[in-house]
Amino acid sequence: MPYWQKKLSYAVLLMCSGSGLIYLIGHEWGIFYSYFAHHRILIWHGISGYFMIFIFGSLLPSHILKGFKSKKNWVSGNGLIISLVLLVISGLNLYYGPEFTRDFTISLHWFTGLVFVATTITHVIRSKLIRKFIQA
């Protein structure tokens with residue numbers, strides 16, 4: 001992955017995950033509610049979510065297809081794809097879905113978001129370890 005793409009991916013991931021975690025802490029867990037559950041944080045989360053979709057699209061023709069062919073980091077890579085698809089679907093459902101599914105969708109979205117962050121960390125660490133092993 002080119003340097004600029006990697007840095008942009010990390011920046012957008014940090015913005016999206018950070019704003020989602022801050023909103024989760026404030027709104028769902030009630031910690032510093034007046035600061036963390038503010039609507040502006042949710043706006044940043046939504047905007048950065050759209051940029052995450054853009055990043056995914058930019059990774060698809062190069063990084064993701066190479067990963068499928070090489071079978072390196074295949075499990076965590078597929079986990080990232082599946083969790084991102086679930087995040088997009090649940091995020092859209094939070095805005096446009098029926099009211100009776102809202103509570104379930106909120107839980108699914110924050111659980112999948114936490115899994116996505118953990119899987120991303122695993123994916124990055126494993127790829128660095130694989131690169132070190134190959135170079136040694």
# chains A, B, ... in the order shown; residues from 1 in each chain; ligands from 1
$ closest_atom_pairs --of "segment 1-44 of chain A" --to "segment 107-113 of chain A" --cutoff "9 Å" --atoms "only C-alpha atoms" --output "JSON lines"
{"residue": "A:Ser17", "atom": "CA", "partner": "A:Gly113", "partner_atom": "CA", "distance": 7.3}
{"residue": "A:Gly20", "atom": "CA", "partner": "A:Trp110", "partner_atom": "CA", "distance": 7.8}
{"residue": "A:Leu21", "atom": "CA", "partner": "A:Trp110", "partner_atom": "CA", "distance": 8.3}
{"residue": "A:Leu24", "atom": "CA", "partner": "A:Trp110", "partner_atom": "CA", "distance": 7.2}
$ select_by_dssp --residues "chain A" --states "alpha helix (DSSP H)" --output "PDB file with N, CA and C atoms, in the first residue's frame"
ATOM      1  N   TYR A   3       2.448   4.913   0.696  1.00  0.00           N
ATOM      2  CA  TYR A   3       2.581   5.642   1.956  1.00  0.00           C
ATOM      3  C   TYR A   3       1.394   6.573   2.203  1.00  0.00           C
ATOM      4  N   TRP A   4       1.006   7.359   1.201  1.00  0.00           N
ATOM      5  CA  TRP A   4      -0.086   8.320   1.369  1.00  0.00           C
ATOM      6  C   TRP A   4      -1.396   7.616   1.681  1.00  0.00           C
ATOM      7  N   GLN A   5      -1.618   6.462   1.048  1.00  0.00           N
ATOM      8  CA  GLN A   5      -2.855   5.721   1.258  1.00  0.00           C
ATOM      9  C   GLN A   5      -2.905   5.125   2.666  1.00  0.00           C
ATOM     10  N   LYS A   6      -1.770   4.656   3.129  1.00  0.00           N
ATOM     11  CA  LYS A   6      -1.697   4.105   4.473  1.00  0.00           C
ATOM     12  C   LYS A   6      -1.973   5.182   5.521  1.00  0.00           C
ATOM     13  N   LYS A   7      -1.335   6.332   5.367  1.00  0.00           N
ATOM     14  CA  LYS A   7      -1.522   7.421   6.334  1.00  0.00           C
ATOM     15  C   LYS A   7      -2.953   7.963   6.302  1.00  0.00           C
ATOM     16  N   LEU A   8      -3.518   8.105   5.103  1.00  0.00           N
ATOM     17  CA  LEU A   8      -4.894   8.565   4.982  1.00  0.00           C
ATOM     18  C   LEU A   8      -5.859   7.548   5.604  1.00  0.00           C
ATOM     19  N   SER A   9      -5.592   6.263   5.373  1.00  0.00           N
ATOM     20  CA  SER A   9      -6.430   5.214   5.967  1.00  0.00           C
ATOM     21  C   SER A   9      -6.390   5.270   7.479  1.00  0.00           C
ATOM     22  N   TYR A  10      -5.199   5.417   8.043  1.00  0.00           N
ATOM     23  CA  TYR A  10      -5.070   5.494   9.499  1.00  0.00           C
ATOM     24  C   TYR A  10      -5.753   6.730  10.059  1.00  0.00           C
ATOM     25  N   ALA A  11      -5.628   7.865   9.370  1.00  0.00           N
ATOM     26  CA  ALA A  11      -6.248   9.103   9.851  1.00  0.00           C
ATOM     27  C   ALA A  11      -7.772   8.998   9.858  1.00  0.00           C
ATOM     28  N   VAL A  12      -8.335   8.476   8.778  1.00  0.00           N
ATOM     29  CA  VAL A  12      -9.787   8.334   8.694  1.00  0.00           C
ATOM     30  C   VAL A  12     -10.276   7.291   9.693  1.00  0.00           C
ATOM     31  N   LEU A  13      -9.538   6.202   9.820  1.00  0.00           N
ATOM     32  CA  LEU A  13      -9.902   5.180  10.794  1.00  0.00           C
ATOM     33  C   LEU A  13      -9.891   5.742  12.217  1.00  0.00           C
ATOM     34  N   LEU A  14      -8.882   6.532  12.526  1.00  0.00           N
ATOM     35  CA  LEU A  14      -8.795   7.138  13.851  1.00  0.00           C
ATOM     36  C   LEU A  14      -9.941   8.120  14.083  1.00  0.00           C
ATOM     37  N   MET A  15     -10.277   8.922  13.076  1.00  0.00           N
ATOM     38  CA  MET A  15     -11.367   9.878  13.224  1.00  0.00           C
ATOM     39  C   MET A  15     -12.705   9.165  13.409  1.00  0.00           C
ATOM     40  N   CYS A  16     -12.955   8.164  12.597  1.00  0.00           N
ATOM     41  CA  CYS A  16     -14.226   7.457  12.649  1.00  0.00           C
ATOM     42  C   CYS A  16     -14.349   6.635  13.935  1.00  0.00           C
ATOM     43  N   SER A  17     -13.323   5.873  14.244  1.00  0.00           N
ATOM     44  CA  SER A  17     -13.358   5.031  15.445  1.00  0.00           C
ATOM     45  C   SER A  17     -13.344   5.885  16.711  1.00  0.00           C
ATOM     46  N   GLY A  18     -12.540   6.937  16.691  1.00  0.00           N
ATOM     47  CA  GLY A  18     -12.464   7.807  17.862  1.00  0.00           C
ATOM     48  C   GLY A  18     -13.780   8.502  18.144  1.00  0.00           C
ATOM     49  N   SER A  19     -14.400   9.053  17.105  1.00  0.00           N
ATOM     50  CA  SER A  19     -15.678   9.735  17.312  1.00  0.00           C
ATOM     51  C   SER A  19     -16.767   8.741  17.716  1.00  0.00           C
ATOM     52  N   GLY A  20     -16.740   7.543  17.137  1.00  0.00           N
ATOM     53  CA  GLY A  20     -17.710   6.521  17.525  1.00  0.00           C
ATOM     54  C   GLY A  20     -17.531   6.083  18.971  1.00  0.00           C
ATOM     55  N   LEU A  21     -16.284   5.917  19.387  1.00  0.00           N
ATOM     56  CA  LEU A  21     -16.015   5.516  20.770  1.00  0.00           C
ATOM     57  C   LEU A  21     -16.398   6.618  21.754  1.00  0.00           C
ATOM     58  N   ILE A  22     -16.099   7.861  21.396  1.00  0.00           N
ATOM     59  CA  ILE A  22     -16.475   8.979  22.268  1.00  0.00           C
ATOM     60  C   ILE A  22     -17.987   9.052  22.401  1.00  0.00           C
ATOM     61  N   TYR A  23     -18.698   8.899  21.300  1.00  0.00           N
ATOM     62  CA  TYR A  23     -20.159   8.933  21.361  1.00  0.00           C
ATOM     63  C   TYR A  23     -20.697   7.739  22.151  1.00  0.00           C
ATOM     64  N   TYR A  33     -21.783  12.742  29.772  1.00  0.00           N
ATOM     65  CA  TYR A  33     -22.855  12.780  28.772  1.00  0.00           C
ATOM     66  C   TYR A  33     -22.921  14.108  28.038  1.00  0.00           C
ATOM     67  N   SER A  34     -22.851  15.210  28.767  1.00  0.00           N
ATOM     68  CA  SER A  34     -23.038  16.516  28.118  1.00  0.00           C
ATOM     69  C   SER A  34     -21.907  16.847  27.141  1.00  0.00           C
ATOM     70  N   TYR A  35     -20.723  16.271  27.334  1.00  0.00           N
ATOM     71  CA  TYR A  35     -19.605  16.522  26.427  1.00  0.00           C
ATOM     72  C   TYR A  35     -19.531  15.490  25.310  1.00  0.00           C
ATOM     73  N   PHE A  36     -19.625  14.228  25.694  1.00  0.00           N
ATOM     74  CA  PHE A  36     -19.369  13.152  24.743  1.00  0.00           C
ATOM     75  C   PHE A  36     -20.576  12.761  23.903  1.00  0.00           C
ATOM     76  N   HIS A  39     -24.212  16.203  19.605  1.00  0.00           N
ATOM     77  CA  HIS A  39     -24.585  15.917  18.219  1.00  0.00           C
ATOM     78  C   HIS A  39     -23.428  16.149  17.246  1.00  0.00           C
ATOM     79  N   ARG A  40     -22.529  17.079  17.550  1.00  0.00           N
ATOM     80  CA  ARG A  40     -21.398  17.347  16.653  1.00  0.00           C
ATOM     81  C   ARG A  40     -20.489  16.120  16.523  1.00  0.00           C
ATOM     82  N   ILE A  41     -20.341  15.383  17.600  1.00  0.00           N
ATOM     83  CA  ILE A  41     -19.515  14.168  17.545  1.00  0.00           C
ATOM     84  C   ILE A  41     -20.153  13.150  16.605  1.00  0.00           C
ATOM     85  N   LEU A  42     -21.465  13.050  16.674  1.00  0.00           N
ATOM     86  CA  LEU A  42     -22.173  12.139  15.790  1.00  0.00           C
ATOM     87  C   LEU A  42     -22.050  12.575  14.327  1.00  0.00           C
ATOM     88  N   ILE A  43     -22.041  13.870  14.089  1.00  0.00           N
ATOM     89  CA  ILE A  43     -21.849  14.380  12.728  1.00  0.00           C
ATOM     90  C   ILE A  43     -20.455  13.998  12.219  1.00  0.00           C
ATOM     91  N   TRP A  44     -19.426  14.203  13.044  1.00  0.00           N
ATOM     92  CA  TRP A  44     -18.059  13.821  12.655  1.00  0.00           C
ATOM     93  C   TRP A  44     -17.984  12.322  12.374  1.00  0.00           C
ATOM     94  N   HIS A  45     -18.692  11.545  13.193  1.00  0.00           N
ATOM     95  CA  HIS A  45     -18.692  10.101  13.007  1.00  0.00           C
ATOM     96  C   HIS A  45     -19.324   9.731  11.659  1.00  0.00           C
ATOM     97  N   GLY A  46     -20.428  10.364  11.330  1.00  0.00           N
ATOM     98  CA  GLY A  46     -21.090  10.080  10.058  1.00  0.00           C
ATOM     99  C   GLY A  46     -20.256  10.490   8.858  1.00  0.00           C
ATOM    100  N   ILE A  47     -19.660  11.671   8.926  1.00  0.00           N
ATOM    101  CA  ILE A  47     -18.822  12.148   7.818  1.00  0.00           C
ATOM    102  C   ILE A  47     -17.601  11.247   7.638  1.00  0.00           C
ATOM    103  N   SER A  48     -16.950  10.916   8.742  1.00  0.00           N
ATOM    104  CA  SER A  48     -15.773  10.052   8.636  1.00  0.00           C
ATOM    105  C   SER A  48     -16.154   8.637   8.199  1.00  0.00           C
ATOM    106  N   GLY A  49     -17.389   8.212   8.508  1.00  0.00           N
ATOM    107  CA  GLY A  49     -17.871   6.915   8.027  1.00  0.00           C
ATOM    108  C   GLY A  49     -17.945   6.878   6.509  1.00  0.00           C
ATOM    109  N   TYR A  50     -18.396   7.974   5.916  1.00  0.00           N
ATOM    110  CA  TYR A  50     -18.419   8.049   4.456  1.00  0.00           C
ATOM    111  C   TYR A  50     -17.001   8.015   3.881  1.00  0.00           C
ATOM    112  N   PHE A  51     -16.065   8.650   4.566  1.00  0.00           N
ATOM    113  CA  PHE A  51     -14.673   8.590   4.115  1.00  0.00           C
ATOM    114  C   PHE A  51     -14.114   7.167   4.265  1.00  0.00           C
ATOM    115  N   MET A  52     -14.577   6.431   5.277  1.00  0.00           N
ATOM    116  CA  MET A  52     -14.155   5.028   5.425  1.00  0.00           C
ATOM    117  C   MET A  52     -14.591   4.220   4.206  1.00  0.00           C
ATOM    118  N   ILE A  53     -15.789   4.477   3.713  1.00  0.00           N
ATOM    119  CA  ILE A  53     -16.264   3.780   2.513  1.00  0.00           C
ATOM    120  C   ILE A  53     -15.376   4.144   1.315  1.00  0.00           C
ATOM    121  N   PHE A  54     -14.998   5.411   1.212  1.00  0.00           N
ATOM    122  CA  PHE A  54     -14.098   5.850   0.154  1.00  0.00           C
ATOM    123  C   PHE A  54     -12.747   5.134   0.258  1.00  0.00           C
ATOM    124  N   ILE A  55     -12.204   5.045   1.476  1.00  0.00           N
ATOM    125  CA  ILE A  55     -10.925   4.357   1.695  1.00  0.00           C
ATOM    126  C   ILE A  55     -11.041   2.888   1.283  1.00  0.00           C
ATOM    127  N   PHE A  56     -12.141   2.248   1.686  1.00  0.00           N
ATOM    128  CA  PHE A  56     -12.359   0.855   1.310  1.00  0.00           C
ATOM    129  C   PHE A  56     -12.346   0.708  -0.210  1.00  0.00           C
ATOM    130  N   GLY A  57     -13.029   1.608  -0.897  1.00  0.00           N
ATOM    131  CA  GLY A  57     -13.039   1.563  -2.362  1.00  0.00           C
ATOM    132  C   GLY A  57     -11.663   1.756  -2.962  1.00  0.00           C
ATOM    133  N   SER A  58     -10.844   2.599  -2.336  1.00  0.00           N
ATOM    134  CA  SER A  58      -9.497   2.819  -2.862  1.00  0.00           C
ATOM    135  C   SER A  58      -8.580   1.629  -2.581  1.00  0.00           C
ATOM    136  N   LEU A  59      -8.881   0.853  -1.552  1.00  0.00           N
ATOM    137  CA  LEU A  59      -8.069  -0.323  -1.227  1.00  0.00           C
ATOM    138  C   LEU A  59      -8.470  -1.557  -2.034  1.00  0.00           C
ATOM    139  N   LEU A  65      -7.343  -7.085  -3.222  1.00  0.00           N
ATOM    140  CA  LEU A  65      -7.186  -8.156  -4.217  1.00  0.00           C
ATOM    141  C   LEU A  65      -5.850  -8.869  -4.072  1.00  0.00           C
ATOM    142  N   LYS A  66      -4.784  -8.120  -3.780  1.00  0.00           N
ATOM    143  CA  LYS A  66      -3.476  -8.757  -3.541  1.00  0.00           C
ATOM    144  C   LYS A  66      -3.530  -9.659  -2.317  1.00  0.00           C
ATOM    145  N   GLY A  67      -4.227  -9.208  -1.296  1.00  0.00           N
ATOM    146  CA  GLY A  67      -4.369 -10.022  -0.087  1.00  0.00           C
ATOM    147  C   GLY A  67      -5.118 -11.313  -0.337  1.00  0.00           C
ATOM    148  N   PHE A  68      -6.168 -11.252  -1.165  1.00  0.00           N
ATOM    149  CA  PHE A  68      -6.908 -12.466  -1.511  1.00  0.00           C
ATOM    150  C   PHE A  68      -6.020 -13.456  -2.261  1.00  0.00           C
ATOM    151  N   LYS A  69      -5.213 -12.934  -3.172  1.00  0.00           N
ATOM    152  CA  LYS A  69      -4.353 -13.814  -3.976  1.00  0.00           C
ATOM    153  C   LYS A  69      -3.215 -14.409  -3.150  1.00  0.00           C
ATOM    154  N   SER A  70      -2.633 -13.626  -2.250  1.00  0.00           N
ATOM    155  CA  SER A  70      -1.486 -14.108  -1.480  1.00  0.00           C
ATOM    156  C   SER A  70      -1.888 -14.921  -0.249  1.00  0.00           C
ATOM    157  N   TRP A  74      -5.391 -13.271   5.681  1.00  0.00           N
ATOM    158  CA  TRP A  74      -6.671 -13.524   5.043  1.00  0.00           C
ATOM    159  C   TRP A  74      -7.824 -13.463   6.042  1.00  0.00           C
ATOM    160  N   VAL A  75      -7.650 -14.048   7.221  1.00  0.00           N
ATOM    161  CA  VAL A  75      -8.725 -14.094   8.217  1.00  0.00           C
ATOM    162  C   VAL A  75      -9.057 -12.691   8.717  1.00  0.00           C
ATOM    163  N   SER A  76      -8.036 -11.936   9.120  1.00  0.00           N
ATOM    164  CA  SER A  76      -8.307 -10.593   9.621  1.00  0.00           C
ATOM    165  C   SER A  76      -8.785  -9.671   8.500  1.00  0.00           C
ATOM    166  N   GLY A  77      -8.281  -9.853   7.299  1.00  0.00           N
ATOM    167  CA  GLY A  77      -8.738  -9.041   6.168  1.00  0.00           C
ATOM    168  C   GLY A  77     -10.204  -9.272   5.863  1.00  0.00           C
ATOM    169  N   ASN A  78     -10.604 -10.538   5.835  1.00  0.00           N
ATOM    170  CA  ASN A  78     -12.023 -10.842   5.624  1.00  0.00           C
ATOM    171  C   ASN A  78     -12.872 -10.353   6.790  1.00  0.00           C
ATOM    172  N   GLY A  79     -12.334 -10.439   7.999  1.00  0.00           N
ATOM    173  CA  GLY A  79     -13.047  -9.905   9.158  1.00  0.00           C
ATOM    174  C   GLY A  79     -13.287  -8.412   9.041  1.00  0.00           C
ATOM    175  N   LEU A  80     -12.294  -7.698   8.504  1.00  0.00           N
ATOM    176  CA  LEU A  80     -12.449  -6.259   8.287  1.00  0.00           C
ATOM    177  C   LEU A  80     -13.519  -5.966   7.240  1.00  0.00           C
ATOM    178  N   ILE A  81     -13.521  -6.726   6.170  1.00  0.00           N
ATOM    179  CA  ILE A  81     -14.519  -6.508   5.114  1.00  0.00           C
ATOM    180  C   ILE A  81     -15.919  -6.776   5.641  1.00  0.00           C
ATOM    181  N   ILE A  82     -16.093  -7.897   6.324  1.00  0.00           N
ATOM    182  CA  ILE A  82     -17.418  -8.253   6.849  1.00  0.00           C
ATOM    183  C   ILE A  82     -17.888  -7.226   7.875  1.00  0.00           C
ATOM    184  N   SER A  83     -17.001  -6.831   8.785  1.00  0.00           N
ATOM    185  CA  SER A  83     -17.425  -5.876   9.808  1.00  0.00           C
ATOM    186  C   SER A  83     -17.700  -4.500   9.205  1.00  0.00           C
ATOM    187  N   LEU A  84     -16.936  -4.094   8.185  1.00  0.00           N
ATOM    188  CA  LEU A  84     -17.206  -2.804   7.540  1.00  0.00           C
ATOM    189  C   LEU A  84     -18.557  -2.825   6.824  1.00  0.00           C
ATOM    190  N   VAL A  85     -18.868  -3.921   6.166  1.00  0.00           N
ATOM    191  CA  VAL A  85     -20.174  -4.040   5.499  1.00  0.00           C
ATOM    192  C   VAL A  85     -21.293  -3.965   6.539  1.00  0.00           C
ATOM    193  N   LEU A  86     -21.131  -4.658   7.667  1.00  0.00           N
ATOM    194  CA  LEU A  86     -22.136  -4.585   8.732  1.00  0.00           C
ATOM    195  C   LEU A  86     -22.260  -3.178   9.307  1.00  0.00           C
ATOM    196  N   LEU A  87     -21.139  -2.492   9.437  1.00  0.00           N
ATOM    197  CA  LEU A  87     -21.175  -1.121   9.944  1.00  0.00           C
ATOM    198  C   LEU A  87     -21.904  -0.190   8.977  1.00  0.00           C
ATOM    199  N   VAL A  88     -21.669  -0.354   7.695  1.00  0.00           N
ATOM    200  CA  VAL A  88     -22.350   0.484   6.707  1.00  0.00           C
ATOM    201  C   VAL A  88     -23.850   0.204   6.721  1.00  0.00           C
ATOM    202  N   ILE A  89     -24.222  -1.054   6.724  1.00  0.00           N
ATOM    203  CA  ILE A  89     -25.646  -1.413   6.719  1.00  0.00           C
ATOM    204  C   ILE A  89     -26.326  -0.937   7.999  1.00  0.00           C
ATOM    205  N   SER A  90     -25.695  -1.182   9.145  1.00  0.00           N
ATOM    206  CA  SER A  90     -26.324  -0.757  10.401  1.00  0.00           C
ATOM    207  C   SER A  90     -26.341   0.759  10.531  1.00  0.00           C
ATOM    208  N   GLY A  91     -25.306   1.446  10.033  1.00  0.00           N
ATOM    209  CA  GLY A  91     -25.296   2.907  10.057  1.00  0.00           C
ATOM    210  C   GLY A  91     -26.418   3.489   9.213  1.00  0.00           C
ATOM    211  N   LEU A  92     -26.606   2.938   8.034  1.00  0.00           N
ATOM    212  CA  LEU A  92     -27.718   3.394   7.193  1.00  0.00           C
ATOM    213  C   LEU A  92     -29.064   3.068   7.828  1.00  0.00           C
ATOM    214  N   ASN A  93     -29.151   1.920   8.474  1.00  0.00           N
ATOM    215  CA  ASN A  93     -30.398   1.529   9.128  1.00  0.00           C
ATOM    216  C   ASN A  93     -30.712   2.439  10.320  1.00  0.00           C
ATOM    217  N   LEU A  94     -29.690   2.968  10.975  1.00  0.00           N
ATOM    218  CA  LEU A  94     -29.940   3.894  12.078  1.00  0.00           C
ATOM    219  C   LEU A  94     -30.630   5.162  11.593  1.00  0.00           C
ATOM    220  N   TYR A  95     -30.319   5.594  10.386  1.00  0.00           N
ATOM    221  CA  TYR A  95     -30.933   6.803   9.840  1.00  0.00           C
ATOM    222  C   TYR A  95     -32.218   6.527   9.077  1.00  0.00           C
ATOM    223  N   TYR A  96     -32.222   5.458   8.312  1.00  0.00           N
ATOM    224  CA  TYR A  96     -33.332   5.243   7.395  1.00  0.00           C
ATOM    225  C   TYR A  96     -34.192   4.034   7.730  1.00  0.00           C
ATOM    226  N   ARG A 102     -34.399  -0.079  15.880  1.00  0.00           N
ATOM    227  CA  ARG A 102     -33.367   0.879  16.288  1.00  0.00           C
ATOM    228  C   ARG A 102     -32.506   0.374  17.444  1.00  0.00           C
ATOM    229  N   ASP A 103     -33.108  -0.144  18.511  1.00  0.00           N
ATOM    230  CA  ASP A 103     -32.317  -0.598  19.667  1.00  0.00           C
ATOM    231  C   ASP A 103     -31.357  -1.724  19.285  1.00  0.00           C
ATOM    232  N   PHE A 104     -31.858  -2.680  18.518  1.00  0.00           N
ATOM    233  CA  PHE A 104     -31.000  -3.768  18.056  1.00  0.00           C
ATOM    234  C   PHE A 104     -29.878  -3.236  17.165  1.00  0.00           C
ATOM    235  N   THR A 105     -30.224  -2.323  16.273  1.00  0.00           N
ATOM    236  CA  THR A 105     -29.246  -1.771  15.333  1.00  0.00           C
ATOM    237  C   THR A 105     -28.160  -0.986  16.055  1.00  0.00           C
ATOM    238  N   ILE A 106     -28.524  -0.239  17.086  1.00  0.00           N
ATOM    239  CA  ILE A 106     -27.530   0.499  17.877  1.00  0.00           C
ATOM    240  C   ILE A 106     -26.536  -0.470  18.497  1.00  0.00           C
ATOM    241  N   SER A 107     -27.050  -1.525  19.118  1.00  0.00           N
ATOM    242  CA  SER A 107     -26.167  -2.518  19.745  1.00  0.00           C
ATOM    243  C   SER A 107     -25.281  -3.205  18.715  1.00  0.00           C
ATOM    244  N   LEU A 108     -25.865  -3.575  17.581  1.00  0.00           N
ATOM    245  CA  LEU A 108     -25.087  -4.211  16.512  1.00  0.00           C
ATOM    246  C   LEU A 108     -23.996  -3.273  16.007  1.00  0.00           C
ATOM    247  N   HIS A 109     -24.328  -2.000  15.834  1.00  0.00           N
ATOM    248  CA  HIS A 109     -23.375  -1.037  15.291  1.00  0.00           C
ATOM    249  C   HIS A 109     -22.203  -0.821  16.238  1.00  0.00           C
ATOM    250  N   TRP A 110     -22.464  -0.618  17.526  1.00  0.00           N
ATOM    251  CA  TRP A 110     -21.325  -0.372  18.410  1.00  0.00           C
ATOM    252  C   TRP A 110     -20.526  -1.638  18.661  1.00  0.00           C
ATOM    253  N   PHE A 111     -21.179  -2.803  18.730  1.00  0.00           N
ATOM    254  CA  PHE A 111     -20.435  -4.049  18.904  1.00  0.00           C
ATOM    255  C   PHE A 111     -19.544  -4.314  17.686  1.00  0.00           C
ATOM    256  N   THR A 112     -20.107  -4.150  16.495  1.00  0.00           N
ATOM    257  CA  THR A 112     -19.343  -4.365  15.270  1.00  0.00           C
ATOM    258  C   THR A 112     -18.217  -3.351  15.148  1.00  0.00           C
ATOM    259  N   GLY A 113     -18.461  -2.114  15.582  1.00  0.00           N
ATOM    260  CA  GLY A 113     -17.407  -1.097  15.563  1.00  0.00           C
ATOM    261  C   GLY A 113     -16.235  -1.469  16.448  1.00  0.00           C
ATOM    262  N   LEU A 114     -16.523  -1.991  17.642  1.00  0.00           N
ATOM    263  CA  LEU A 114     -15.449  -2.427  18.538  1.00  0.00           C
ATOM    264  C   LEU A 114     -14.686  -3.609  17.941  1.00  0.00           C
ATOM    265  N   VAL A 115     -15.411  -4.542  17.322  1.00  0.00           N
ATOM    266  CA  VAL A 115     -14.768  -5.676  16.652  1.00  0.00           C
ATOM    267  C   VAL A 115     -13.910  -5.178  15.490  1.00  0.00           C
ATOM    268  N   PHE A 116     -14.406  -4.203  14.752  1.00  0.00           N
ATOM    269  CA  PHE A 116     -13.669  -3.646  13.616  1.00  0.00           C
ATOM    270  C   PHE A 116     -12.339  -3.039  14.076  1.00  0.00           C
ATOM    271  N   VAL A 117     -12.367  -2.289  15.161  1.00  0.00           N
ATOM    272  CA  VAL A 117     -11.131  -1.677  15.673  1.00  0.00           C
ATOM    273  C   VAL A 117     -10.144  -2.756  16.117  1.00  0.00           C
ATOM    274  N   ALA A 118     -10.624  -3.743  16.852  1.00  0.00           N
ATOM    275  CA  ALA A 118      -9.746  -4.828  17.318  1.00  0.00           C
ATOM    276  C   ALA A 118      -9.170  -5.612  16.137  1.00  0.00           C
ATOM    277  N   THR A 119      -9.993  -5.873  15.145  1.00  0.00           N
ATOM    278  CA  THR A 119      -9.538  -6.613  13.964  1.00  0.00           C
ATOM    279  C   THR A 119      -8.530  -5.789  13.165  1.00  0.00           C
ATOM    280  N   THR A 120      -8.740  -4.484  13.087  1.00  0.00           N
ATOM    281  CA  THR A 120      -7.787  -3.620  12.382  1.00  0.00           C
ATOM    282  C   THR A 120      -6.427  -3.648  13.066  1.00  0.00           C
ATOM    283  N   ILE A 121      -6.419  -3.541  14.371  1.00  0.00           N
ATOM    284  CA  ILE A 121      -5.159  -3.586  15.121  1.00  0.00           C
ATOM    285  C   ILE A 121      -4.461  -4.925  14.881  1.00  0.00           C
ATOM    286  N   THR A 122      -5.212  -6.006  14.949  1.00  0.00           N
ATOM    287  CA  THR A 122      -4.651  -7.342  14.688  1.00  0.00           C
ATOM    288  C   THR A 122      -4.096  -7.428  13.273  1.00  0.00           C
ATOM    289  N   HIS A 123      -4.832  -6.918  12.313  1.00  0.00           N
ATOM    290  CA  HIS A 123      -4.421  -6.967  10.903  1.00  0.00           C
ATOM    291  C   HIS A 123      -3.111  -6.211  10.686  1.00  0.00           C
ATOM    292  N   VAL A 124      -3.009  -5.037  11.264  1.00  0.00           N
ATOM    293  CA  VAL A 124      -1.800  -4.219  11.088  1.00  0.00           C
ATOM    294  C   VAL A 124      -0.597  -4.869  11.767  1.00  0.00           C
ATOM    295  N   ILE A 125      -0.776  -5.340  12.986  1.00  0.00           N
ATOM    296  CA  ILE A 125       0.334  -5.967  13.721  1.00  0.00           C
ATOM    297  C   ILE A 125       0.794  -7.236  13.009  1.00  0.00           C
ATOM    298  N   ARG A 126      -0.159  -8.065  12.588  1.00  0.00           N
ATOM    299  CA  ARG A 126       0.212  -9.303  11.886  1.00  0.00           C
ATOM    300  C   ARG A 126       0.942  -9.011  10.582  1.00  0.00           C
ATOM    301  N   SER A 127       0.508  -7.991   9.854  1.00  0.00           N
ATOM    302  CA  SER A 127       1.182  -7.696   8.585  1.00  0.00           C
ATOM    303  C   SER A 127       2.600  -7.194   8.820  1.00  0.00           C
ATOM    304  N   LYS A 128       2.810  -6.441   9.891  1.00  0.00           N
ATOM    305  CA  LYS A 128       4.169  -5.998  10.213  1.00  0.00           C
ATOM    306  C   LYS A 128       5.035  -7.185  10.624  1.00  0.00           C
ATOM    307  N   LEU A 129       4.479  -8.116  11.381  1.00  0.00           N
ATOM    308  CA  LEU A 129       5.227  -9.303  11.782  1.00  0.00           C
ATOM    309  C   LEU A 129       5.549 -10.175  10.573  1.00  0.00           C
ATOM    310  N   ILE A 130       4.591 -10.325   9.669  1.00  0.00           N
ATOM    311  CA  ILE A 130       4.822 -11.122   8.460  1.00  0.00           C
ATOM    312  C   ILE A 130       5.929 -10.493   7.627  1.00  0.00           C
ATOM    313  N   ARG A 131       5.907  -9.164   7.477  1.00  0.00           N
ATOM    314  CA  ARG A 131       6.940  -8.472   6.710  1.00  0.00           C
ATOM    315  C   ARG A 131       8.312  -8.654   7.351  1.00  0.00           C
ATOM    316  N   LYS A 132       8.394  -8.566   8.685  1.00  0.00           N
ATOM    317  CA  LYS A 132       9.661  -8.750   9.367  1.00  0.00           C
ATOM    318  C   LYS A 132      10.182 -10.175   9.180  1.00  0.00           C
ATOM    319  N   PHE A 133       9.284 -11.125   9.265  1.00  0.00           N
ATOM    320  CA  PHE A 133       9.666 -12.535   9.117  1.00  0.00           C
ATOM    321  C   PHE A 133      10.175 -12.803   7.709  1.00  0.00           C
ATOM    322  N   ILE A 134       9.521 -12.255   6.703  1.00  0.00           N
ATOM    323  CA  ILE A 134       9.930 -12.464   5.323  1.00  0.00           C
ATOM    324  C   ILE A 134      11.279 -11.810   5.050  1.00  0.00           C
ATOM    325  N   GLN A 135      11.504 -10.614   5.612  1.00  0.00           N
ATOM    326  CA  GLN A 135      12.749  -9.897   5.383  1.00  0.00           C
ATOM    327  C   GLN A 135      13.922 -10.508   6.133  1.00  0.00           C
TER     328      GLN A 135
END
$ atom_distance --atom1 "atom CA of His27 of chain A" --atom2 "atom CA of Phe100 of chain A"
19.3 Å
$ atom_distance --atom1 "atom CA of Leu60 of chain A" --atom2 "atom CA of Met1 of chain A"
11.0 Å
$ atom_distance --atom1 "atom CA of Pro61 of chain A" --atom2 "atom CA of Pro2 of chain A"
12.9 Å
